[in-house]
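With mmCIF, C-alpha atoms inside, this is target.cif:
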```cif
data_run
#
loop_
_atom_site.group_PDB
_atom_site.id
_atom_site.type_symbol
_atom_site.label_atom_id
_atom_site.label_comp_id
_atom_site.auth_asym_id
_atom_site.auth_seq_id
_atom_site.Cartn_x
_atom_site.Cartn_y
_atom_site.Cartn_z
ATOM 1 C CA MET A 603 18.643 -21.507 15.335
ATOM 2 C CA THR A 604 20.441 -18.188 15.076
ATOM 3 C CA LEU A 605 19.740 -14.634 16.114
ATOM 4 C CA ALA A 606 18.545 -13.711 12.613
ATOM 5 C CA SER A 607 16.185 -16.664 12.237
ATOM 6 C CA HIS A 608 14.261 -15.977 15.447
ATOM 7 C CA PHE A 609 14.751 -12.217 15.956
ATOM 8 C CA SER A 610 11.217 -11.347 14.825
ATOM 9 C CA TYR A 611 9.703 -13.780 17.350
ATOM 10 C CA TRP A 612 11.738 -12.302 20.165
ATOM 11 C CA VAL A 613 10.808 -8.728 19.325
ATOM 12 C CA THR A 614 7.190 -9.932 19.232
ATOM 13 C CA VAL A 615 7.582 -11.427 22.715
ATOM 14 C CA LEU A 616 9.234 -8.218 23.961
ATOM 15 C CA LEU A 617 6.337 -6.101 22.637
ATOM 16 C CA LEU A 618 3.756 -8.515 24.079
ATOM 17 C CA MET A 619 5.411 -8.293 27.467
ATOM 18 C CA VAL A 620 5.726 -4.478 27.414
ATOM 19 C CA GLY A 621 2.004 -4.312 26.610
ATOM 20 C CA LEU A 622 1.152 -6.793 29.363
ATOM 21 C CA PHE A 623 3.323 -4.860 31.831
ATOM 22 C CA ILE A 624 1.525 -1.593 31.054
ATOM 23 C CA VAL A 625 -1.861 -3.280 31.494
ATOM 24 C CA ILE A 626 -0.882 -4.814 34.847
ATOM 25 C CA ALA A 627 1.310 -2.148 36.426
ATOM 26 C CA ARG A 628 -0.056 1.215 35.289
ATOM 27 C CA ASP A 629 -3.096 2.626 37.081
ATOM 28 C CA ASN A 630 -4.260 5.165 34.492
ATOM 29 C CA LEU A 631 -7.087 3.633 32.441
ATOM 30 C CA ILE A 632 -6.128 5.365 29.161
ATOM 31 C CA LYS A 633 -2.580 4.102 29.544
ATOM 32 C CA LYS A 634 -3.926 0.607 30.141
ATOM 33 C CA LEU A 635 -5.823 0.818 26.836
ATOM 34 C CA ILE A 636 -2.645 1.963 25.047
ATOM 35 C CA GLY A 637 -0.826 -1.022 26.599
ATOM 36 C CA LEU A 638 -3.587 -3.274 25.321
ATOM 37 C CA GLY A 639 -3.045 -1.717 21.881
ATOM 38 C CA ILE A 640 0.673 -2.523 22.013
ATOM 39 C CA PHE A 641 -0.160 -6.116 22.975
ATOM 40 C CA GLN A 642 -2.548 -6.254 20.036
ATOM 41 C CA THR A 643 -0.054 -4.920 17.464
ATOM 42 C CA ALA A 644 2.475 -7.450 18.736
ATOM 43 C CA VAL A 645 -0.056 -10.147 17.861
ATOM 44 C CA TYR A 646 -0.267 -8.680 14.349
ATOM 45 C CA LEU A 647 3.486 -9.113 14.088
ATOM 46 C CA LEU A 648 3.239 -12.668 15.398
ATOM 47 C CA TYR A 649 0.856 -13.489 12.537
ATOM 48 C CA ILE A 650 2.470 -11.551 9.688
ATOM 49 C CA ALA A 651 6.168 -12.296 10.244
ATOM 50 C CA PRO A 652 5.983 -16.088 9.578
ATOM 51 C CA GLY A 653 4.118 -15.428 6.301
ATOM 52 C CA LYS A 654 7.066 -13.506 4.835
ATOM 53 C CA LEU A 655 9.383 -15.167 2.340
ATOM 54 C CA ILE A 656 12.640 -13.297 1.765
ATOM 55 C CA GLY A 657 12.970 -12.570 -1.953
ATOM 56 C CA GLY A 658 9.201 -12.827 -2.331
ATOM 57 C CA VAL A 659 6.843 -9.965 -3.127
ATOM 58 C CA ALA A 660 3.433 -8.827 -1.881
ATOM 59 C CA PRO A 661 0.657 -11.279 -2.909
ATOM 60 C CA ILE A 662 -0.555 -9.347 -5.951
ATOM 61 C CA ILE A 663 -0.239 -11.707 -8.884
ATOM 62 C CA GLY A 664 1.846 -10.459 -11.798
ATOM 63 C CA GLY A 665 3.550 -12.297 -14.629
ATOM 64 C CA GLN A 666 7.164 -11.510 -13.762
ATOM 65 C CA PHE A 667 7.148 -12.809 -10.152
ATOM 66 C CA ALA A 668 7.227 -16.379 -8.896
ATOM 67 C CA VAL A 669 7.490 -16.145 -5.090
ATOM 68 C CA TYR A 670 4.749 -14.466 -3.061
ATOM 69 C CA SER A 671 4.336 -14.003 0.681
ATOM 70 C CA ASN A 672 1.468 -15.846 2.352
ATOM 71 C CA PRO A 673 -1.782 -13.833 1.941
ATOM 72 C CA LEU A 674 -3.854 -15.577 4.628
ATOM 73 C CA PRO A 675 -2.331 -13.882 7.728
ATOM 74 C CA HIS A 676 -2.734 -10.513 6.010
ATOM 75 C CA VAL A 677 -6.476 -11.121 5.651
ATOM 76 C CA LEU A 678 -6.885 -12.225 9.272
ATOM 77 C CA ILE A 679 -4.957 -9.214 10.558
ATOM 78 C CA LEU A 680 -6.896 -6.753 8.400
ATOM 79 C CA THR A 681 -10.000 -7.920 10.258
ATOM 80 C CA ALA A 682 -8.181 -7.743 13.595
ATOM 81 C CA ILE A 683 -7.041 -4.132 13.063
ATOM 82 C CA VAL A 684 -10.559 -2.903 12.376
ATOM 83 C CA VAL A 685 -12.023 -4.834 15.315
ATOM 84 C CA GLY A 686 -9.153 -3.504 17.452
ATOM 85 C CA VAL A 687 -10.011 0.127 16.810
ATOM 86 C CA ALA A 688 -13.695 -0.623 17.487
ATOM 87 C CA THR A 689 -12.863 -2.081 20.901
ATOM 88 C CA LEU A 690 -10.498 0.826 21.597
ATOM 89 C CA ALA A 691 -13.318 3.287 20.880
ATOM 90 C CA LEU A 692 -15.665 1.372 23.200
ATOM 91 C CA GLY A 693 -13.007 1.249 25.932
ATOM 92 C CA LEU A 694 -12.356 4.987 25.679
ATOM 93 C CA ALA A 695 -16.099 5.695 25.855
ATOM 94 C CA LEU A 696 -16.203 3.651 29.081
ATOM 95 C CA VAL A 697 -13.234 5.627 30.432
ATOM 96 C CA VAL A 698 -14.995 8.913 29.674
ATOM 97 C CA ARG A 699 -18.117 7.682 31.521
ATOM 98 C CA ILE A 700 -15.991 6.546 34.473
ATOM 99 C CA LYS A 701 -14.405 10.005 34.585
ATOM 100 C CA GLU A 702 -17.894 11.569 34.658
ATOM 101 C CA ALA A 703 -19.105 9.231 37.406
ATOM 102 C CA TYR A 704 -16.022 9.129 39.660
ATOM 103 C CA GLY A 705 -14.061 12.249 38.704
ATOM 104 C CA SER A 706 -10.940 10.153 38.242
ATOM 105 C CA ILE A 707 -9.495 7.601 35.821
ATOM 106 C CA ASP A 708 -6.931 6.228 38.239
ATOM 107 C CA GLU A 709 -7.687 2.629 39.089
ATOM 108 C CA ASP A 710 -6.514 2.822 42.719
ATOM 109 C CA GLU A 711 -8.645 5.894 43.443
ATOM 110 C CA ILE A 712 -11.714 4.321 41.804
ATOM 111 C CA LEU A 713 -11.315 1.107 43.800
ATOM 112 C CA ALA A 714 -10.885 3.120 47.014
ATOM 113 C CA MET A 715 -14.125 5.039 46.260
ATOM 114 C CA ASP A 716 -15.929 1.776 45.515
ATOM 115 C CA ALA A 717 -14.716 0.276 48.787
ATOM 116 C CA ARG A 718 -16.015 3.334 50.688
ATOM 117 C CA ASP A 719 -19.381 3.152 48.908
ATOM 118 C CA ASP A 720 -19.667 -0.576 49.594
ATOM 119 C CA THR A 721 -19.037 -0.384 53.317
ATOM 120 C CA SER A 722 -21.579 2.310 54.285
ATOM 121 C CA PRO A 723 -24.842 0.796 52.853
ATOM 122 C CA VAL A 724 -23.868 -2.666 54.140
ATOM 123 C CA ALA A 725 -23.482 -1.245 57.643
ATOM 124 C CA ASP A 726 -26.972 0.344 57.308
ATOM 125 C CA ARG A 727 -28.556 -2.912 56.218
ATOM 126 C CA ASP A 728 -26.957 -4.802 59.113
ATOM 127 C CA GLY A 729 -28.309 -2.204 61.547
ATOM 128 C CA SER A 730 -31.936 -2.377 60.308
ATOM 129 C CA MET B 38 23.229 -11.557 -10.332
ATOM 130 C CA ALA B 39 23.634 -13.928 -7.412
ATOM 131 C CA THR B 40 25.608 -11.391 -5.354
ATOM 132 C CA GLY B 41 23.067 -8.695 -6.238
ATOM 133 C CA SER B 42 20.107 -10.691 -4.883
ATOM 134 C CA ARG B 43 22.172 -11.655 -1.814
ATOM 135 C CA SER B 44 22.817 -8.007 -0.980
ATOM 136 C CA VAL B 45 19.101 -7.285 -1.468
ATOM 137 C CA ILE B 46 18.276 -10.053 0.987
ATOM 138 C CA ILE B 47 20.742 -8.708 3.551
ATOM 139 C CA LEU B 48 19.333 -5.195 3.101
ATOM 140 C CA GLU B 49 15.786 -6.511 3.570
ATOM 141 C CA GLU B 50 16.715 -8.303 6.789
ATOM 142 C CA LEU B 51 18.676 -5.311 8.086
ATOM 143 C CA THR B 52 15.739 -2.948 7.492
ATOM 144 C CA ALA B 53 13.412 -5.285 9.363
ATOM 145 C CA VAL B 54 15.840 -5.603 12.290
ATOM 146 C CA VAL B 55 16.341 -1.829 12.603
ATOM 147 C CA LEU B 56 12.596 -1.138 12.443
ATOM 148 C CA LEU B 57 11.772 -3.853 14.982
ATOM 149 C CA THR B 58 14.402 -2.474 17.376
ATOM 150 C CA LEU B 59 12.918 1.016 17.035
ATOM 151 C CA MET B 60 9.479 -0.439 17.804
ATOM 152 C CA GLY B 61 10.801 -2.044 20.962
ATOM 153 C CA ALA B 62 12.266 1.319 22.001
ATOM 154 C CA ALA B 63 8.981 3.135 21.295
ATOM 155 C CA ALA B 64 6.992 0.584 23.330
ATOM 156 C CA ILE B 65 9.347 0.894 26.306
ATOM 157 C CA GLY B 66 9.060 4.682 25.959
ATOM 158 C CA VAL B 67 5.272 4.356 26.235
ATOM 159 C CA ALA B 68 5.653 2.333 29.431
ATOM 160 C CA ARG B 69 8.021 4.880 31.036
ATOM 161 C CA GLN B 70 6.446 8.178 29.944
ATOM 162 C CA ARG B 71 3.926 9.656 32.373
ATOM 163 C CA ASN B 72 2.640 12.608 30.329
ATOM 164 C CA LEU B 73 -0.331 11.095 28.479
ATOM 165 C CA PHE B 74 0.047 13.454 25.493
ATOM 166 C CA GLY B 75 3.589 12.151 25.042
ATOM 167 C CA VAL B 76 2.325 8.591 25.447
ATOM 168 C CA VAL B 77 -0.251 9.065 22.691
ATOM 169 C CA LEU B 78 2.332 10.598 20.326
ATOM 170 C CA LEU B 79 4.740 7.736 21.048
ATOM 171 C CA SER B 80 2.003 5.205 20.348
ATOM 172 C CA GLY B 81 1.333 7.010 17.038
ATOM 173 C CA ILE B 82 5.039 6.709 16.159
ATOM 174 C CA TYR B 83 4.876 3.061 17.187
ATOM 175 C CA SER B 84 1.904 2.456 14.868
ATOM 176 C CA PHE B 85 3.655 4.089 11.912
ATOM 177 C CA LEU B 86 6.750 1.970 12.599
ATOM 178 C CA MET B 87 4.496 -1.089 12.658
ATOM 179 C CA ALA B 88 3.005 -0.022 9.308
ATOM 180 C CA THR B 89 6.520 0.275 7.861
ATOM 181 C CA VAL B 90 7.433 -3.147 9.214
ATOM 182 C CA MET B 91 4.336 -4.517 7.479
ATOM 183 C CA VAL B 92 5.549 -3.044 4.172
ATOM 184 C CA VAL B 93 8.908 -4.744 4.700
ATOM 185 C CA LEU B 94 7.064 -8.005 5.441
ATOM 186 C CA ASP B 95 5.125 -7.677 2.138
ATOM 187 C CA ALA B 96 1.778 -7.094 3.868
ATOM 188 C CA VAL B 97 0.930 -3.918 1.966
ATOM 189 C CA ASP B 98 -2.819 -4.015 2.644
ATOM 190 C CA VAL B 99 -2.200 -4.436 6.366
ATOM 191 C CA ALA B 100 0.317 -1.583 6.274
ATOM 192 C CA MET B 101 -2.206 0.743 4.686
ATOM 193 C CA THR B 102 -4.910 -0.179 7.205
ATOM 194 C CA GLU B 103 -2.521 0.102 10.145
ATOM 195 C CA ALA B 104 -1.328 3.558 9.012
ATOM 196 C CA ALA B 105 -4.893 4.820 8.491
ATOM 197 C CA VAL B 106 -6.694 3.107 11.375
ATOM 198 C CA GLY B 107 -3.957 2.283 13.899
ATOM 199 C CA ALA B 108 -1.939 5.475 13.596
ATOM 200 C CA GLY B 109 -4.690 7.824 12.389
ATOM 201 C CA ILE B 110 -8.073 7.053 13.946
ATOM 202 C CA SER B 111 -6.702 5.551 17.172
ATOM 203 C CA THR B 112 -4.515 8.605 17.810
ATOM 204 C CA VAL B 113 -7.460 10.943 17.230
ATOM 205 C CA LEU B 114 -9.675 8.869 19.565
ATOM 206 C CA LEU B 115 -6.986 8.826 22.255
ATOM 207 C CA LEU B 116 -6.395 12.584 21.980
ATOM 208 C CA GLY B 117 -10.148 13.139 22.317
ATOM 209 C CA ALA B 118 -10.283 10.929 25.398
ATOM 210 C CA ILE B 119 -7.322 12.767 26.962
ATOM 211 C CA HIS B 120 -9.038 16.081 26.302
ATOM 212 C CA LEU B 121 -12.126 14.809 28.175
ATOM 213 C CA THR B 122 -10.309 13.195 31.093
ATOM 214 C CA GLY B 123 -7.125 15.163 31.792
ATOM 215 C CA GLY B 124 -3.549 14.765 30.693
ATOM 216 C CA THR B 125 -1.172 13.317 33.279
ATOM 217 C CA GLU B 126 -0.835 9.992 34.991
ATOM 218 C CA SER B 127 -0.371 10.143 38.756
ATOM 219 C CA LYS B 128 2.808 8.727 40.234
ATOM 220 C CA PRO B 129 2.375 4.993 40.894
ATOM 221 C CA ILE B 130 1.936 4.145 44.580
ATOM 222 C CA HIS B 131 3.573 0.739 44.629
ATOM 223 C CA ARG B 132 6.843 -0.343 43.054
ATOM 224 C CA PRO B 133 6.226 -2.512 39.961
ATOM 225 C CA TRP B 134 8.293 -5.502 41.116
ATOM 226 C CA LEU B 135 5.505 -8.090 41.042
ATOM 227 C CA PRO B 136 4.276 -7.135 37.527
ATOM 228 C CA LEU B 137 7.902 -7.067 36.313
ATOM 229 C CA PHE B 138 8.428 -10.548 37.720
ATOM 230 C CA VAL B 139 5.212 -11.894 36.137
ATOM 231 C CA VAL B 140 6.094 -10.314 32.789
ATOM 232 C CA THR B 141 9.682 -11.620 32.843
ATOM 233 C CA VAL B 142 8.606 -15.166 33.661
ATOM 234 C CA THR B 143 5.879 -15.129 30.981
ATOM 235 C CA GLY B 144 8.309 -13.663 28.454
ATOM 236 C CA ALA B 145 10.940 -16.289 29.248
ATOM 237 C CA MET B 146 8.368 -19.055 28.757
ATOM 238 C CA LEU B 147 7.269 -17.552 25.425
ATOM 239 C CA VAL B 148 10.896 -17.254 24.235
ATOM 240 C CA TYR B 149 11.385 -20.901 25.195
ATOM 241 C CA GLY B 150 8.283 -21.667 23.114
ATOM 242 C CA THR B 151 9.661 -19.818 20.064
ATOM 243 C CA LEU B 152 12.703 -22.119 19.984
ATOM 244 C CA GLY B 153 10.459 -24.817 18.523
ATOM 245 C CA LEU B 154 9.031 -22.579 15.797
ATOM 246 C CA PRO B 155 10.319 -22.632 12.191
ATOM 247 C CA ALA B 156 13.000 -20.091 11.283
ATOM 248 C CA PHE B 157 12.066 -16.726 9.746
ATOM 249 C CA SER B 158 11.297 -17.018 6.008
ATOM 250 C CA ASP B 159 11.626 -20.804 5.899
ATOM 251 C CA PRO B 160 9.780 -21.919 2.725
ATOM 252 C CA GLN B 161 9.193 -25.378 4.261
ATOM 253 C CA ALA B 162 7.318 -23.961 7.272
ATOM 254 C CA PRO B 163 3.784 -25.377 7.707
ATOM 255 C CA ILE B 164 2.223 -21.935 7.115
ATOM 256 C CA HIS B 165 3.405 -22.042 3.489
ATOM 257 C CA GLN B 166 2.190 -25.592 2.847
ATOM 258 C CA HIS B 167 -1.509 -25.540 3.670
ATOM 259 C CA VAL B 168 -4.111 -23.353 1.907
ATOM 260 C CA ALA B 169 -1.840 -20.494 0.837
ATOM 261 C CA PRO B 170 -0.576 -22.122 -2.405
ATOM 262 C CA ARG B 171 -4.177 -22.807 -3.426
ATOM 263 C CA TYR B 172 -5.240 -19.215 -2.788
ATOM 264 C CA LEU B 173 -2.252 -17.967 -4.792
ATOM 265 C CA THR B 174 -2.800 -20.218 -7.819
ATOM 266 C CA GLU B 175 -6.597 -20.598 -7.919
ATOM 267 C CA GLY B 176 -7.815 -17.339 -6.385
ATOM 268 C CA PRO B 177 -7.023 -14.890 -9.198
ATOM 269 C CA GLU B 178 -8.210 -17.388 -11.831
ATOM 270 C CA LYS B 179 -11.566 -17.956 -10.144
ATOM 271 C CA THR B 180 -12.347 -14.348 -9.289
ATOM 272 C CA GLY B 181 -10.380 -12.319 -11.850
ATOM 273 C CA VAL B 182 -8.842 -10.101 -9.115
ATOM 274 C CA PRO B 183 -5.017 -10.080 -9.042
ATOM 275 C CA ASN B 184 -4.722 -8.990 -5.389
ATOM 276 C CA VAL B 185 -4.989 -12.263 -3.446
ATOM 277 C CA VAL B 186 -5.643 -10.503 -0.120
ATOM 278 C CA THR B 187 -8.759 -8.927 -1.610
ATOM 279 C CA VAL B 188 -9.775 -12.278 -3.093
ATOM 280 C CA VAL B 189 -9.582 -14.044 0.264
ATOM 281 C CA LEU B 190 -11.118 -11.168 2.238
ATOM 282 C CA ALA B 191 -14.134 -10.619 0.016
ATOM 283 C CA SER B 192 -14.649 -14.034 -1.519
ATOM 284 C CA TYR B 193 -13.231 -17.018 0.382
ATOM 285 C CA ARG B 194 -13.747 -15.414 3.792
ATOM 286 C CA GLY B 195 -16.641 -13.101 3.033
ATOM 287 C CA PHE B 196 -18.537 -14.243 6.124
ATOM 288 C CA ASP B 197 -15.578 -13.259 8.315
ATOM 289 C CA THR B 198 -15.785 -9.775 6.897
ATOM 290 C CA LEU B 199 -19.537 -9.692 7.477
ATOM 291 C CA GLY B 200 -18.951 -10.693 11.114
ATOM 292 C CA GLU B 201 -16.348 -7.943 11.404
ATOM 293 C CA THR B 202 -18.930 -5.432 10.219
ATOM 294 C CA PHE B 203 -21.296 -6.617 12.962
ATOM 295 C CA VAL B 204 -18.575 -6.131 15.579
ATOM 296 C CA VAL B 205 -17.876 -2.576 14.407
ATOM 297 C CA PHE B 206 -21.613 -1.823 14.322
ATOM 298 C CA THR B 207 -22.089 -3.174 17.858
ATOM 299 C CA ALA B 208 -19.126 -1.154 19.115
ATOM 300 C CA GLY B 209 -20.583 1.969 17.499
ATOM 301 C CA ILE B 210 -23.925 1.383 19.224
ATOM 302 C CA GLY B 211 -22.085 0.872 22.508
ATOM 303 C CA VAL B 212 -20.172 4.137 22.167
ATOM 304 C CA ILE B 213 -23.357 6.053 21.350
ATOM 305 C CA ALA B 214 -25.200 4.460 24.277
ATOM 306 C CA LEU B 215 -22.369 5.354 26.665
ATOM 307 C CA LEU B 216 -21.744 8.922 25.545
ATOM 308 C CA ARG B 217 -25.298 10.030 24.804
ATOM 309 C CA ARG B 218 -26.302 13.143 26.736
ATOM 310 C CA ARG B 219 -28.442 11.986 29.619
ATOM 311 C CA ASN B 220 -31.515 13.730 30.957
ATOM 312 C CA PRO B 221 -30.052 15.333 34.125
ATOM 313 C CA ARG B 222 -33.358 14.994 36.070
ATOM 314 C CA ARG B 223 -33.519 11.244 35.516
ATOM 315 C CA THR B 224 -29.965 10.815 36.721
ATOM 316 C CA GLN B 225 -30.840 12.757 39.872
ATOM 317 C CA ASP B 226 -33.879 10.541 40.505
ATOM 318 C CA ARG B 227 -31.717 7.469 40.250
ATOM 319 C CA ASP B 228 -29.222 8.951 42.714
ATOM 320 C CA GLY B 229 -32.114 9.646 45.090
ATOM 321 C CA GLU B 230 -33.242 6.021 44.906
ATOM 322 C CA GLY B 231 -29.670 4.955 45.604
ATOM 323 C CA ASP B 232 -29.668 7.020 48.794
ATOM 324 C CA ARG B 233 -32.986 5.626 50.001
ATOM 325 C CA SER B 234 -32.119 1.952 49.634
#
```
Written as structure tokens, that's how I'd like the structure from this file.
Amino acid sequence: MTLASHFSYWVTVLLLMVGLFIVIARDNLIKKLIGLGIFQTAVYLLYIAPGKLIGGVAPIIGGQFAVYSNPLPHVLILTAIVVGVATLALGLALVVRIKEAYGSIDEDEILAMDARDDTSPVADRDGS
Amino acid sequence: MATGSRSVIILEELTAVVLLTLMGAAAIGVARQRNLFGVVLLSGIYSFLMATVMVVLDAVDVAMTEAAVGAGISTVLLLGAIHLTGGTESKPIHRPWLPLFVVTVTGAMLVYGTLGLPAFSDPQAPIHQHVAPRYLTEGPEKTGVPNVVTVVLASYRGFDTLGETFVVFTAGIGVIALLRRRNPRRTQDRDGEGDRS
């Protein structure tokens, strides 16, 4: 095992971890979604990179070529990209609604507001 | 001839390494930048780099989709969302030591896991032994389409693609349901009920 033989895996792991870090550590909801997107593209890389054969060509059959890269991961990832943008759109729509309802898209502020809202009605119910 | 193909191979590997390094830099830039407009532009650059990497890795169909959908539509959606919600991220309250620790430990475990995986571009790797040779030899003969990715997507895995369409349709319905203009009176009524309970 050398640097060249596993470099693509390690970049994939780095991208996965940067995405995970953004999702965990950043409070802004849009930034969290972008972090999720980075995590997702890293998964694309995880699938596509092992399918590559150096010296091979794209899997479009032609008479003068003998070695082709593996087409199956490409198909799976095509599906994943389209589904990914659909979930991103849904997530952003939720963020826009949260902004309308709370006036903020910062996770800490939203949780603080929720905590305030939770405590007052509970106190009422206990009193009655 | 032999030296020519060897230099091509080295060039191919070098291109991939440079592009992957740039992608790492762009991702770290996204994590550090606090202006959301800058973040969205960086993520667009990151998507285009990913599309280029896909070309280098011979996944031309994926590259095209990633450039159009990942870099194009996603960037437009994100810019729209920023326009509706405001452009800067507030300064984080707590230091990110715990997330950094979690991420480092997870990353170290994943790197340890990669040590058991086959080397890059190893023709003996299991991924090249299973169904792929059959798709490559039989697919074009059976369907008459030379592009094997299209053959698998539309023919062998047509139901997958149908399922994908359902997911996109459901997501579209969800977005419409969330962003539809509400009747302001009804919303008020609901708020009133909330106060009474």
Could you please select, counting all atoms listed in the file, the residues of chain A within 7 Å of chain B and state them as a short mmCIF file (atom, residue, chain, number, x, y, z; two decimals) with C-alpha atoms, in the coordinates of the input?
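Saved result, selection.cif, follows:
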```cif
data_model
loop_
_atom_site.label_atom_id
_atom_site.label_comp_id
_atom_site.auth_asym_id
_atom_site.auth_seq_id
_atom_site.Cartn_x
_atom_site.Cartn_y
_atom_site.Cartn_z
CA SER A 607 16.18 -16.66 12.24
CA HIS A 608 14.26 -15.98 15.45
CA TYR A 611 9.70 -13.78 17.35
CA TRP A 612 11.74 -12.30 20.16
CA VAL A 613 10.81 -8.73 19.32
CA VAL A 615 7.58 -11.43 22.72
CA LEU A 617 6.34 -6.10 22.64
CA MET A 619 5.41 -8.29 27.47
CA VAL A 620 5.73 -4.48 27.41
CA LEU A 622 1.15 -6.79 29.36
CA PHE A 623 3.32 -4.86 31.83
CA ILE A 624 1.52 -1.59 31.05
CA ILE A 626 -0.88 -4.81 34.85
CA ALA A 627 1.31 -2.15 36.43
CA ASN A 630 -4.26 5.16 34.49
CA ALA A 651 6.17 -12.30 10.24
CA PRO A 652 5.98 -16.09 9.58
CA GLY A 653 4.12 -15.43 6.30
CA LYS A 654 7.07 -13.51 4.84
CA LEU A 655 9.38 -15.17 2.34
CA ILE A 656 12.64 -13.30 1.76
CA GLY A 657 12.97 -12.57 -1.95
CA VAL A 659 6.84 -9.96 -3.13
CA ALA A 660 3.43 -8.83 -1.88
CA PRO A 661 0.66 -11.28 -2.91
CA ILE A 662 -0.56 -9.35 -5.95
CA ILE A 663 -0.24 -11.71 -8.88
CA SER A 671 4.34 -14.00 0.68
CA ASN A 672 1.47 -15.85 2.35
CA PRO A 673 -1.78 -13.83 1.94
CA LEU A 674 -3.85 -15.58 4.63
CA HIS A 676 -2.73 -10.51 6.01
CA VAL A 677 -6.48 -11.12 5.65
CA ILE A 679 -4.96 -9.21 10.56
CA LEU A 680 -6.90 -6.75 8.40
CA THR A 681 -10.00 -7.92 10.26
CA ILE A 683 -7.04 -4.13 13.06
CA VAL A 685 -12.02 -4.83 15.32
CA VAL A 687 -10.01 0.13 16.81
CA ALA A 688 -13.70 -0.62 17.49
CA THR A 689 -12.86 -2.08 20.90
CA ALA A 691 -13.32 3.29 20.88
CA LEU A 692 -15.66 1.37 23.20
CA LEU A 694 -12.36 4.99 25.68
CA ALA A 695 -16.10 5.70 25.86
CA LEU A 696 -16.20 3.65 29.08
CA VAL A 698 -15.00 8.91 29.67
CA ARG A 699 -18.12 7.68 31.52
CA LYS A 701 -14.40 10.01 34.58
#
```
Distance in Å - CA of Asp708 in chain A versus CA of Leu631 in chain A: 6.4 Å
Distance in Å - CA of Phe667 in chain A versus CA of Tyr649 in chain A: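 Interatomic distance, CA of Phe667 in chain A to CA of Tyr649 in chain A: 23.6 Å.
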Interatomic distance (Å, one decimal) between CA of Leu648 in chain A and CA of Leu616 in chain A: 11.4 Å
Selection result of the PyMOL selection byres ((chain A and resi 639) around 9) on this file, as number ranges by chain: A: 621, 634-638, 640-644, 686-687, 690; B: 80, 107
Selection result of the PyMOL selection byres ((chain A and resi 709) around 9) on this file, as a PyMOL selection string: chain A and resi 628-631+706-708+710-714
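Residues selected in this file by the PyMOL selection byres ((chain A and resi 669) around 6) comprise A:Gly658, A:Ala668, A:Tyr670.
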